[in-house]
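Colleague: What follows is target-v9.cif, mmCIF, C-alpha atoms.
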```cif
data_target
#
loop_
_atom_site.label_atom_id
_atom_site.label_comp_id
_atom_site.auth_asym_id
_atom_site.auth_seq_id
_atom_site.Cartn_x
_atom_site.Cartn_y
_atom_site.Cartn_z
CA MET A 29 -38.10 1.32 -189.03
CA ARG A 30 -38.44 -1.17 -186.20
CA ILE A 31 -41.49 -2.56 -184.45
CA HIS A 32 -41.17 -3.35 -180.75
CA ILE A 33 -43.52 -5.82 -179.06
CA ASN A 34 -43.44 -6.73 -175.39
CA THR A 35 -44.85 -10.23 -175.05
CA ASP A 36 -45.49 -9.97 -171.32
CA HIS A 37 -49.25 -9.52 -171.36
CA GLY A 38 -51.83 -9.21 -168.62
CA THR A 39 -54.59 -11.66 -167.82
CA ILE A 40 -56.06 -11.72 -171.34
CA SER A 41 -53.50 -12.10 -174.07
CA PRO A 42 -54.07 -10.52 -177.51
CA TYR A 43 -53.30 -13.97 -178.92
CA SER A 44 -56.52 -15.37 -177.45
CA ILE A 45 -58.52 -12.37 -178.62
CA PHE A 46 -57.32 -12.64 -182.22
CA LEU A 47 -57.85 -16.40 -182.21
CA MET A 48 -61.46 -15.91 -181.18
CA LEU A 49 -61.85 -13.08 -183.71
CA ALA A 50 -60.51 -15.34 -186.44
CA LEU A 51 -63.03 -18.05 -185.56
CA ALA A 52 -65.88 -15.56 -185.34
CA ALA A 53 -65.02 -13.94 -188.68
CA GLY A 54 -64.56 -17.25 -190.46
CA THR A 55 -67.78 -18.66 -189.06
CA ALA A 56 -69.69 -15.50 -190.04
CA VAL A 57 -68.39 -15.75 -193.61
CA ILE A 58 -69.35 -19.44 -193.82
CA ILE A 59 -72.87 -18.75 -192.53
CA ARG A 60 -73.32 -15.89 -194.98
CA LEU A 61 -72.11 -17.93 -197.95
CA CYS A 62 -74.24 -20.93 -196.97
CA ILE A 63 -77.41 -18.88 -196.71
CA ARG A 64 -76.72 -17.06 -199.97
CA ARG A 65 -76.19 -20.35 -201.77
CA GLY A 66 -79.40 -21.93 -200.52
CA ILE A 67 -78.37 -23.92 -197.44
CA THR A 68 -81.09 -23.65 -194.82
CA LEU A 69 -80.50 -21.35 -191.82
CA ARG A 70 -80.78 -24.31 -189.45
CA LYS A 71 -77.97 -26.24 -191.11
CA SER A 72 -75.84 -23.11 -191.43
CA LEU A 73 -76.18 -22.35 -187.71
CA LEU A 74 -75.41 -25.97 -186.87
CA LEU A 75 -72.25 -25.77 -188.95
CA ALA A 76 -71.35 -22.49 -187.28
CA ALA A 77 -71.84 -23.98 -183.81
CA MET A 78 -69.56 -26.92 -184.51
CA ILE A 79 -66.76 -25.16 -186.36
CA PRO A 80 -65.03 -23.24 -183.51
CA PRO A 81 -64.63 -26.15 -181.09
CA MET A 82 -63.69 -28.62 -183.85
CA CYS A 83 -61.21 -26.10 -185.26
CA ILE A 84 -59.43 -25.58 -181.96
CA SER A 85 -59.42 -29.25 -181.01
CA CYS A 86 -58.02 -30.42 -184.35
CA ALA A 87 -55.45 -27.60 -184.36
CA ALA A 88 -54.22 -28.65 -180.92
CA ALA A 89 -54.31 -32.35 -181.82
CA PHE A 90 -52.31 -31.80 -185.03
CA ALA A 91 -49.66 -29.76 -183.23
CA PHE A 92 -49.42 -32.37 -180.49
CA LEU A 93 -49.11 -35.30 -182.93
CA THR A 94 -46.66 -33.72 -185.37
CA SER A 95 -44.36 -32.67 -182.55
CA GLY A 96 -44.33 -36.19 -181.17
CA GLY A 97 -46.23 -35.15 -178.07
CA ARG A 98 -43.68 -32.50 -177.09
CA ILE A 99 -45.41 -29.27 -178.03
CA PHE A 100 -48.82 -27.99 -176.95
CA GLY A 101 -50.04 -25.36 -179.39
CA PHE A 102 -52.21 -24.77 -182.43
CA ALA A 103 -51.43 -25.76 -186.00
CA SER A 104 -53.19 -24.07 -188.89
CA ILE A 105 -53.34 -27.24 -191.00
CA GLY A 106 -55.08 -28.99 -188.12
CA ALA A 107 -57.56 -26.12 -187.82
CA ALA A 108 -58.32 -26.34 -191.54
CA ALA A 109 -58.84 -30.10 -191.20
CA GLY A 110 -61.23 -29.46 -188.32
CA VAL A 111 -63.34 -27.14 -190.46
CA TYR A 112 -63.56 -29.67 -193.30
CA ILE A 113 -64.36 -32.54 -190.92
CA THR A 114 -67.22 -30.48 -189.51
CA ALA A 115 -68.67 -29.84 -192.97
CA LEU A 116 -68.45 -33.55 -193.83
CA LEU A 117 -70.08 -34.54 -190.55
CA ILE A 118 -72.97 -32.12 -191.04
CA SER A 119 -73.67 -33.41 -194.55
CA LEU A 120 -73.50 -37.03 -193.32
CA ILE A 121 -75.81 -36.52 -190.37
CA TRP A 122 -78.33 -34.52 -192.40
CA GLN A 123 -78.17 -36.99 -195.29
CA SER A 124 -77.53 -34.27 -197.84
CA PRO A 125 -74.71 -35.39 -200.16
CA GLY A 126 -75.79 -32.78 -202.70
CA GLU A 127 -74.94 -30.00 -200.27
CA ARG A 128 -71.61 -31.49 -199.17
CA ALA A 129 -69.66 -29.88 -202.01
CA ILE A 130 -71.21 -26.48 -201.26
CA LEU A 131 -70.33 -26.69 -197.55
CA LEU A 132 -66.74 -27.70 -198.34
CA GLN A 133 -66.41 -24.92 -200.92
CA ASN A 134 -67.66 -22.29 -198.49
CA CYS A 135 -65.18 -23.49 -195.87
CA THR A 136 -62.36 -23.16 -198.43
CA PHE A 137 -63.34 -19.55 -199.12
CA ALA A 138 -63.42 -18.63 -195.42
CA LEU A 139 -60.20 -20.33 -194.31
CA PRO A 140 -57.75 -17.70 -195.66
CA LEU A 141 -59.57 -14.99 -193.68
CA MET A 142 -59.43 -17.07 -190.49
CA TYR A 143 -55.73 -17.73 -190.98
CA GLY A 144 -54.96 -14.09 -191.77
CA ILE A 145 -56.61 -12.82 -188.58
CA ALA A 146 -55.12 -15.57 -186.43
CA LYS A 147 -51.65 -14.65 -187.67
CA ILE A 148 -52.09 -11.17 -186.21
CA GLY A 149 -52.51 -12.92 -182.86
CA CYS A 150 -49.31 -14.86 -183.48
CA PHE A 151 -47.61 -11.56 -184.31
CA THR A 152 -48.60 -10.03 -180.98
CA ALA A 153 -47.47 -13.10 -179.05
CA GLY A 154 -44.17 -13.66 -180.84
CA CYS A 155 -45.40 -17.08 -181.79
CA CYS A 156 -44.23 -18.69 -185.07
CA HIS A 157 -41.81 -15.81 -185.53
CA GLY A 158 -39.54 -15.28 -188.52
CA ILE A 159 -35.84 -15.70 -189.14
CA CYS A 160 -33.30 -13.40 -187.52
CA TYR A 161 -33.46 -10.08 -189.33
CA ASP A 162 -32.30 -6.55 -188.67
CA GLY A 163 -33.54 -4.62 -191.69
CA LEU A 164 -36.60 -2.55 -192.50
CA LEU A 165 -39.75 -3.42 -190.49
CA CYS A 166 -37.90 -5.90 -188.33
CA VAL A 167 -39.76 -6.87 -185.16
CA ARG A 168 -38.06 -6.70 -181.78
CA TYR A 169 -39.69 -9.03 -179.28
CA THR A 170 -38.97 -8.66 -175.59
CA GLY A 171 -40.38 -10.51 -172.62
CA LYS A 172 -39.72 -13.16 -170.02
CA ARG A 173 -40.84 -15.96 -172.32
CA ILE A 174 -39.12 -14.96 -175.55
CA GLY A 175 -36.10 -12.94 -174.43
CA ASP A 176 -34.84 -10.18 -176.72
CA ILE A 177 -34.79 -11.01 -180.42
CA CYS A 178 -35.06 -9.17 -183.75
CA VAL A 179 -36.86 -11.13 -186.42
CA PHE A 180 -38.57 -10.88 -189.80
CA PRO A 181 -42.32 -10.01 -189.54
CA VAL A 182 -43.41 -13.18 -191.31
CA GLN A 183 -46.72 -13.32 -189.39
CA LEU A 184 -47.69 -9.85 -190.63
CA MET A 185 -46.76 -10.80 -194.16
CA GLU A 186 -48.86 -13.96 -193.92
CA SER A 187 -51.76 -11.98 -192.57
CA VAL A 188 -51.69 -9.50 -195.45
CA VAL A 189 -51.24 -12.21 -198.09
CA PHE A 190 -54.02 -14.44 -196.81
CA ILE A 191 -56.53 -11.65 -196.36
CA ALA A 192 -55.75 -10.68 -199.96
CA ILE A 193 -56.36 -14.31 -201.02
CA PHE A 194 -59.70 -14.23 -199.20
CA ILE A 195 -60.72 -11.06 -201.06
CA ALA A 196 -59.61 -12.62 -204.35
CA GLY A 197 -61.70 -15.69 -203.54
CA MET A 198 -64.80 -13.56 -202.99
CA VAL A 199 -64.19 -11.86 -206.35
CA PHE A 200 -63.84 -15.26 -208.09
CA LEU A 201 -67.05 -16.46 -206.43
CA LYS A 202 -68.96 -13.35 -207.41
CA LYS A 203 -67.89 -13.91 -211.02
CA HIS A 204 -69.01 -17.59 -210.75
CA ASP A 205 -65.59 -18.82 -211.78
CA ILE A 206 -65.85 -22.62 -211.88
CA HIS A 207 -62.24 -22.94 -210.73
CA SER A 208 -62.57 -20.43 -207.87
CA VAL A 209 -62.25 -23.05 -205.12
CA GLN A 210 -59.18 -24.63 -206.68
CA LYS A 211 -57.61 -21.21 -207.25
CA VAL A 212 -58.10 -20.20 -203.60
CA ALA A 213 -56.69 -23.53 -202.42
CA ILE A 214 -53.67 -23.31 -204.73
CA LEU A 215 -52.94 -19.68 -203.79
CA SER A 216 -53.23 -20.49 -200.07
CA ALA A 217 -51.03 -23.58 -200.36
CA ALA A 218 -48.42 -21.75 -202.43
CA ALA A 219 -48.32 -18.79 -200.04
CA LYS A 220 -48.01 -21.06 -197.01
CA PHE A 221 -45.27 -23.08 -198.73
CA VAL A 222 -43.18 -20.04 -199.64
CA LEU A 223 -43.61 -18.09 -196.41
CA GLU A 224 -42.70 -21.14 -194.34
CA PHE A 225 -39.08 -20.65 -195.47
CA LEU A 226 -39.04 -17.28 -193.69
CA ARG A 227 -39.91 -18.85 -190.34
CA LYS A 228 -37.29 -19.49 -187.69
CA SER A 229 -38.62 -23.00 -187.05
CA HIS A 230 -37.79 -23.96 -190.63
CA SER A 231 -34.08 -23.20 -190.24
CA HIS A 232 -32.91 -26.79 -189.83
CA ARG A 233 -35.36 -28.53 -192.15
CA ALA A 234 -35.49 -29.00 -195.91
CA LEU A 235 -39.26 -29.44 -195.97
CA SER A 236 -41.78 -29.30 -193.14
CA ILE A 237 -44.91 -31.42 -192.78
CA GLU A 238 -47.04 -28.37 -193.51
CA GLN A 239 -45.12 -27.70 -196.74
CA ALA A 240 -45.53 -31.33 -197.83
CA ILE A 241 -49.29 -31.05 -197.28
CA CYS A 242 -49.34 -27.79 -199.24
CA LEU A 243 -47.60 -29.52 -202.15
CA LEU A 244 -50.12 -32.35 -202.12
CA VAL A 245 -53.03 -29.90 -202.02
CA THR A 246 -51.61 -27.96 -204.97
CA ILE A 247 -51.13 -31.09 -207.05
CA ALA A 248 -54.62 -32.36 -206.23
CA CYS A 249 -56.19 -29.02 -207.15
CA LEU A 250 -54.31 -28.82 -210.45
CA ILE A 251 -55.44 -32.34 -211.38
CA ASN A 252 -59.01 -31.44 -210.43
CA MET A 253 -58.91 -28.30 -212.56
CA LYS A 254 -57.70 -30.32 -215.51
CA LYS A 255 -60.50 -32.85 -215.05
CA THR A 256 -63.13 -30.13 -214.75
CA GLN A 257 -61.98 -28.55 -217.99
CA LYS A 258 -62.17 -31.87 -219.83
CA ARG A 259 -65.54 -32.89 -218.41
CA LYS A 260 -68.44 -32.16 -220.77
CA LYS A 261 -71.87 -31.14 -219.59
CA VAL A 262 -74.20 -34.18 -219.61
CA THR A 263 -77.66 -33.06 -220.49
CA ALA A 264 -80.86 -35.02 -220.28
CA LYS A 265 -79.31 -38.29 -219.30
CA PRO A 266 -82.46 -40.43 -218.92
CA VAL A 267 -83.23 -42.12 -215.65
CA THR A 268 -83.60 -45.76 -216.67
CA GLN A 269 -85.34 -48.50 -214.73
CA MET B 14 -85.67 -32.65 -220.81
CA LYS B 15 -87.82 -29.70 -219.76
CA VAL B 16 -89.24 -29.81 -216.27
CA MET B 17 -92.00 -27.75 -214.68
CA PHE B 18 -91.08 -27.81 -211.01
CA TYR B 19 -93.98 -26.48 -208.95
CA GLU B 20 -94.12 -22.74 -209.74
CA ILE B 21 -90.80 -22.70 -211.60
CA ASN B 22 -91.17 -23.18 -215.35
CA ASP B 23 -88.53 -24.16 -217.90
CA CYS B 24 -86.27 -26.06 -215.54
CA GLU B 25 -83.77 -28.47 -217.05
CA TYR B 26 -83.01 -32.01 -215.99
CA GLU B 27 -79.32 -32.83 -215.49
CA TYR B 28 -77.11 -35.50 -214.01
CA LEU B 29 -74.78 -33.72 -211.59
CA ASN B 30 -72.11 -35.32 -209.40
CA GLY B 31 -73.69 -38.71 -209.98
CA ARG B 32 -77.18 -37.61 -208.96
CA PRO B 33 -80.24 -36.53 -210.94
CA ALA B 34 -80.90 -32.83 -210.48
CA ILE B 35 -83.15 -30.08 -211.76
CA THR B 36 -81.62 -26.77 -212.78
CA ALA B 37 -83.66 -23.59 -212.50
CA PRO B 38 -83.56 -21.03 -215.30
CA TYR B 39 -81.62 -17.81 -214.80
CA CYS B 40 -83.41 -14.93 -213.10
CA THR B 41 -85.71 -17.22 -211.10
CA ASP B 42 -86.96 -15.49 -207.96
CA PHE B 43 -84.64 -16.13 -205.00
CA ALA B 44 -87.58 -16.67 -202.67
CA LEU B 45 -88.87 -19.49 -204.90
CA LEU B 46 -85.44 -21.08 -205.04
CA LYS B 47 -85.19 -21.08 -201.24
CA LYS B 48 -88.75 -22.33 -200.89
CA TYR B 49 -88.07 -25.42 -202.98
CA HIS B 50 -84.60 -26.11 -201.54
CA PHE B 51 -82.47 -25.18 -204.51
CA VAL B 52 -78.77 -24.71 -203.86
CA GLN B 53 -76.31 -22.63 -205.87
CA LEU B 54 -73.40 -24.31 -207.59
CA ILE B 55 -70.04 -22.61 -207.99
CA ASP B 56 -70.88 -21.61 -211.56
CA GLY B 57 -73.94 -19.71 -210.39
CA ARG B 58 -76.64 -22.19 -211.41
CA TRP B 59 -79.35 -23.13 -208.94
CA VAL B 60 -80.06 -26.85 -208.69
CA HIS B 61 -82.45 -29.08 -206.79
CA TYR B 62 -81.19 -32.62 -206.22
CA MET B 63 -84.16 -34.87 -206.90
CA THR B 64 -85.68 -36.90 -204.12
CA GLU B 65 -86.36 -40.60 -204.50
CA ARG B 66 -90.04 -39.90 -204.93
CA GLU B 67 -89.40 -37.46 -207.74
CA ILE B 68 -87.05 -39.92 -209.45
CA ASP B 69 -89.64 -42.70 -209.21
CA ASN B 70 -92.23 -40.37 -210.70
CA MET B 71 -89.90 -39.51 -213.57
CA ARG B 72 -89.40 -43.21 -214.38
CA LYS B 73 -93.14 -43.58 -215.00
CA TYR B 74 -93.33 -40.46 -217.16
CA PRO B 75 -93.66 -40.73 -220.96
CA ASN B 76 -90.46 -39.82 -222.77
CA GLY B 77 -90.46 -36.61 -224.74
CA GLU B 78 -93.06 -34.78 -222.71
CA PRO B 79 -92.14 -32.03 -220.26
CA LEU B 80 -92.00 -33.47 -216.76
CA ILE B 81 -94.34 -31.81 -214.30
CA ILE B 82 -93.65 -32.08 -210.60
CA TYR B 83 -96.12 -30.67 -208.14
CA ASP B 84 -97.67 -31.57 -204.84
CA ASP B 85 -100.54 -33.79 -205.84
CA GLU B 86 -100.77 -37.18 -204.15
CA GLU B 87 -102.74 -38.71 -207.03
CA ARG B 88 -100.03 -37.83 -209.52
CA TYR B 89 -97.41 -40.08 -207.97
CA ILE B 90 -97.46 -43.72 -208.86
CA MET B 91 -95.99 -45.60 -205.94
CA PRO B 92 -93.51 -48.27 -207.04
CA GLU B 93 -94.39 -51.78 -205.99
CA ASN B 94 -91.33 -52.32 -203.92
CA GLN B 95 -91.42 -48.99 -202.13
CA GLN B 96 -89.86 -49.17 -198.67
CA PRO B 97 -92.16 -48.19 -195.81
CA GLU B 98 -91.44 -44.88 -194.14
CA ARG B 99 -89.54 -44.98 -190.89
CA ASP B 100 -91.55 -45.04 -187.68
CA SER B 101 -90.71 -41.72 -186.05
CA GLU B 102 -92.07 -42.86 -182.69
CA ASN B 103 -89.71 -45.83 -182.62
CA ASP B 104 -86.84 -43.60 -183.64
CA ALA B 105 -87.63 -41.21 -180.81
CA ILE B 106 -87.85 -44.01 -178.26
CA VAL B 107 -84.52 -45.48 -179.36
CA THR B 108 -82.90 -42.05 -179.29
CA ILE B 109 -84.23 -41.23 -175.83
CA GLY B 110 -83.09 -44.61 -174.50
CA LEU B 111 -79.57 -44.21 -175.86
CA THR B 112 -79.38 -40.62 -174.62
CA LEU B 113 -80.38 -41.72 -171.13
CA LEU B 114 -77.69 -44.40 -171.30
CA PHE B 115 -75.17 -41.72 -172.22
CA LEU B 116 -76.24 -39.53 -169.31
CA LEU B 117 -76.20 -42.50 -166.96
CA GLY B 118 -72.69 -43.33 -168.10
CA PHE B 119 -71.67 -39.73 -167.50
CA CYS B 120 -72.97 -39.89 -163.93
CA MET B 121 -71.31 -43.26 -163.34
CA THR B 122 -67.88 -41.90 -164.22
CA THR B 123 -67.85 -40.34 -160.75
CA VAL B 124 -68.20 -43.82 -159.20
CA ASN B 125 -66.39 -46.05 -161.68
CA SER B 126 -64.73 -44.27 -164.61
CA ASN B 127 -64.26 -47.47 -166.67
CA ILE B 128 -67.90 -48.50 -166.60
CA GLY B 129 -69.13 -44.95 -167.01
CA SER B 130 -66.94 -44.12 -169.99
CA SER B 131 -67.72 -47.50 -171.60
CA ALA B 132 -71.44 -46.78 -171.31
CA MET B 133 -70.94 -43.31 -172.80
CA PHE B 134 -68.84 -44.71 -175.65
CA VAL B 135 -71.33 -47.49 -176.50
CA SER B 136 -74.31 -45.15 -176.44
CA PHE B 137 -72.51 -42.56 -178.60
CA ILE B 138 -71.52 -45.15 -181.21
CA SER B 139 -75.06 -46.54 -181.22
CA LEU B 140 -76.50 -43.05 -181.71
CA LEU B 141 -74.05 -42.41 -184.55
CA ALA B 142 -74.98 -45.73 -186.18
CA CYS B 143 -78.69 -44.85 -185.91
CA ALA B 144 -78.14 -41.42 -187.37
CA LEU B 145 -76.03 -42.56 -190.30
CA GLY B 146 -77.28 -46.06 -191.01
CA LEU B 147 -80.95 -45.80 -190.16
CA LYS B 148 -81.41 -42.14 -191.10
CA ASN B 149 -82.72 -41.39 -187.62
CA LYS B 150 -82.72 -37.58 -187.51
CA SER B 151 -83.36 -37.31 -183.78
CA ALA B 152 -80.30 -39.48 -183.13
CA GLY B 153 -78.34 -37.20 -185.45
CA VAL B 154 -79.38 -34.16 -183.43
CA VAL B 155 -78.26 -35.84 -180.18
CA VAL B 156 -74.90 -36.79 -181.75
CA ILE B 157 -74.33 -33.18 -182.74
CA ILE B 158 -75.29 -31.93 -179.26
CA ILE B 159 -72.86 -34.39 -177.66
CA LEU B 160 -70.06 -33.44 -180.04
CA VAL B 161 -70.62 -29.73 -179.53
CA GLY B 162 -70.87 -30.18 -175.76
CA LEU B 163 -67.65 -32.20 -175.57
CA GLN B 164 -65.84 -29.75 -177.79
CA LEU B 165 -67.08 -26.73 -175.84
CA VAL B 166 -65.76 -28.28 -172.64
CA SER B 167 -62.42 -28.83 -174.37
CA VAL B 168 -62.37 -25.24 -175.59
CA ILE B 169 -63.04 -23.91 -172.10
CA LEU B 170 -60.19 -26.01 -170.69
CA LEU B 171 -57.91 -24.91 -173.51
CA MET B 172 -58.74 -21.24 -173.08
CA ALA B 173 -57.93 -21.49 -169.38
CA ALA B 174 -54.46 -22.77 -170.28
CA ILE B 175 -53.68 -20.51 -173.28
CA ASN B 176 -51.37 -18.12 -171.40
CA SER B 177 -49.23 -20.92 -170.03
CA CYS B 178 -49.24 -22.80 -173.33
CA LEU B 179 -47.63 -19.84 -175.10
CA TYR B 180 -44.34 -20.94 -173.60
CA GLU B 181 -44.56 -24.10 -175.67
CA CYS B 182 -46.03 -22.53 -178.80
CA SER B 183 -42.76 -21.62 -180.43
CA THR B 184 -42.35 -23.64 -183.61
CA ILE B 185 -45.66 -24.83 -184.96
CA GLY B 186 -47.65 -22.58 -187.23
#
```
Write out the structure in this file as structure tokens.

Modeller:
Amino acid sequence: MRIHINTDHGTISPYSIFLMLALAAGTAVIIRLCIRRGITLRKSLLLAAMIPPMCISCAAAFAFLTSGGRIFGFASIGAAAGVYITALLISLIWQSPGERAILLQNCTFALPLMYGIAKIGCFTAGCCHGICYDGLLCVRYTGKRIGDICVFPVQLMESVVFIAIFIAGMVFLKKHDIHSVQKVAILSAAAKFVLEFLRKSHSHRALSIEQAICLLVTIACLINMKKTQKRKKVTAKPVTQ
Amino acid sequence: MKVMFYEINDCEYEYLNGRPAITAPYCTDFALLKKYHFVQLIDGRWVHYMTEREIDNMRKYPNGEPLIIYDDEERYIMPENQQPERDSENDAIVTIGLTLLFLLGFCMTTVNSNIGSSAMFVSFISLLACALGLKNKSAGVVVIIILVGLQLVSVILLMAAINSCLYECSTIG
């Protein structure tokens, strides 16, 4: 079974549409989680207003910098950094350090959904395509920009995996699992790390920058989980003069 | 230590993430939690991070007794070295002045881009310093508006170039 996609689109490309959908969905999830967890509507809407532009700008900046100024595109790691920077900025400006952790946690839960939807856009555009492949469910891209190639549907696979991680994250949160944030981060980093090997752009590299960041994130989360398990609840610590 | 926080009985005092906090009991009404600015931790507990005023009040409270926090001016014993509250009128004047400087710089970029952008940069940094260092909320709002405005302009420019940029978007993901 083969999927054929013609990448010669009209005025509005599906890539743009899915990118905007990803931002809208992610922002909606973040607003919903913030309101449910006690963040005021005003702060939630402020966060929502800043996330899309910061996300796109940081994604473009990361792609530009990591390619040495040669490539103009969007990098998922940069987009994730943009979301976290926004949450930090909001908590700094509103002088609410107690809410900072909650904002960052909610962003972590929403990011897999944003990535999963955005990857559908990449799939329609032939962007970030997989290694050469001619087996079951291979994707044949045609078009003036991309030529005629048969590749592995890595973007589809990423989309399915990350939407599943998002659903798992919501289940962990509903159960009030204290390690839910770390689990979502580790699952996302591990999935990104593994699936990167199935991408055409990874052919001539041992380890990409994105994979190195994923490794660091995994290690940091594992250390944090260990610390959380060891930490004992401090009750009634008196406020001394 | 047991705490009676306004209408919420049987709260507990805790030290969370380096800050004193009050934890509400389970099954507290959600409307009450929102009313008194409680936030939900990842483990499901609702906490209220204590304000400086509440912490000062706690310091004067006898040990062993349940702490009662409610909105009664006579109840609070002001510490001797309490800092005066910020003058909101002064904050507003400073914010308006810096905002006008930013707008002036924006207009001047059409005449002299160096002077205009320098004025915009200086005013933005000053607004950021006021918002973060001096806890000037109106300056914080202006900073956010500027950031959102700049980013929206960038997004519009990026969206206009997305079709052509797809030719370059081949390896990064």

Colleague: Of the candidates B:Val52, B:Cys40, B:Ile109, B:Met71, which one gets nearest to chain A if we count all atoms listed in the file?

Modeller: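 Residue with the minimum atom-to-atom distance to chain A: B:Val52.
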
Colleague: Which residue, A:Leu226, A:Met142, A:Met78, A:Ile84, has the smallest gap to Gly162 of chain B when you use all atoms listed in the file?

Modeller: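 Of A:Leu226, A:Met142, A:Met78, A:Ile84, the one nearest Gly162 of chain B is A:Met78, counting all atoms listed in the file.
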
Colleague: Report as a ChimeraX atom specification the residues that result from applying the PyMOL selection byres ((chain A and resi 55-62) around 12) to the structure here.

Modeller: /A:48-54,63-83,111-112,114-115,127-142,194-195,197-198,201-202 /B:47,51-55

Colleague: Could you tell me, as a short mmCIF file (atom, residue, chain, number, x, y, z; two decimals) with C-alpha atoms, in the frame of the given file, exactly which residues end up selected when the PyMOL selection byres ((chain B and resi 114) around 10) is applied to this structure?

Modeller:
```cif
data_model
loop_
_atom_site.label_atom_id
_atom_site.label_comp_id
_atom_site.auth_asym_id
_atom_site.auth_seq_id
_atom_site.Cartn_x
_atom_site.Cartn_y
_atom_site.Cartn_z
CA THR B 108 -82.90 -42.05 -179.29
CA ILE B 109 -84.23 -41.23 -175.83
CA GLY B 110 -83.09 -44.61 -174.50
CA LEU B 111 -79.57 -44.21 -175.86
CA THR B 112 -79.38 -40.62 -174.62
CA LEU B 113 -80.38 -41.72 -171.13
CA PHE B 115 -75.17 -41.72 -172.22
CA LEU B 116 -76.24 -39.53 -169.31
CA LEU B 117 -76.20 -42.50 -166.96
CA GLY B 118 -72.69 -43.33 -168.10
CA PHE B 119 -71.67 -39.73 -167.50
CA CYS B 120 -72.97 -39.89 -163.93
CA GLY B 129 -69.13 -44.95 -167.01
CA ALA B 132 -71.44 -46.78 -171.31
CA MET B 133 -70.94 -43.31 -172.80
CA PHE B 134 -68.84 -44.71 -175.65
CA VAL B 135 -71.33 -47.49 -176.50
CA SER B 136 -74.31 -45.15 -176.44
CA PHE B 137 -72.51 -42.56 -178.60
#
```

Colleague: Rounded to one decimal place, report the atom CA of Cys178 of chain A-atom CA of Ala217 of chain A distance in Å.

Modeller: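 Those two atoms sit 27.2 Å apart.
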
Colleague: Might you pull out every residue within 6 Å of segment 179-186 of chain A, with only C-alpha atoms counted and same-chain residues fewer than 4 positions away left off, and present them as a ChimeraX atom specification?

Modeller: /A:147,151,158-161,166-167,190

Colleague: Any idea what's packed within 6 Å of segment 20-27 of chain B, counting only C-alpha atoms, ignoring anything in its chain fewer than 2 positions away? Could you give it as a short mmCIF file (atom, residue, chain, number, x, y, z; two decimals) with C-alpha atoms, keeping the file's coordinate frame?

Modeller:
```
data_model
loop_
_atom_site.label_atom_id
_atom_site.label_comp_id
_atom_site.auth_asym_id
_atom_site.auth_seq_id
_atom_site.Cartn_x
_atom_site.Cartn_y
_atom_site.Cartn_z
CA THR A 263 -77.66 -33.06 -220.49
CA ALA A 264 -80.86 -35.02 -220.28
CA MET B 14 -85.67 -32.65 -220.81
CA LYS B 15 -87.82 -29.70 -219.76
CA VAL B 16 -89.24 -29.81 -216.27
CA MET B 17 -92.00 -27.75 -214.68
CA PHE B 18 -91.08 -27.81 -211.01
CA PRO B 33 -80.24 -36.53 -210.94
CA ALA B 34 -80.90 -32.83 -210.48
CA ILE B 35 -83.15 -30.08 -211.76
CA THR B 36 -81.62 -26.77 -212.78
CA ALA B 37 -83.66 -23.59 -212.50
CA PRO B 38 -83.56 -21.03 -215.30
#
```

Colleague: Can you pull out the residues contacting Leu250 of chain A? Cut-off 12 Å, using all atoms listed in the file, and skip same-chain residues under 2 positions away; I want them as number ranges by chain.

Modeller: A: 207, 209-215, 217, 243-248, 252-257
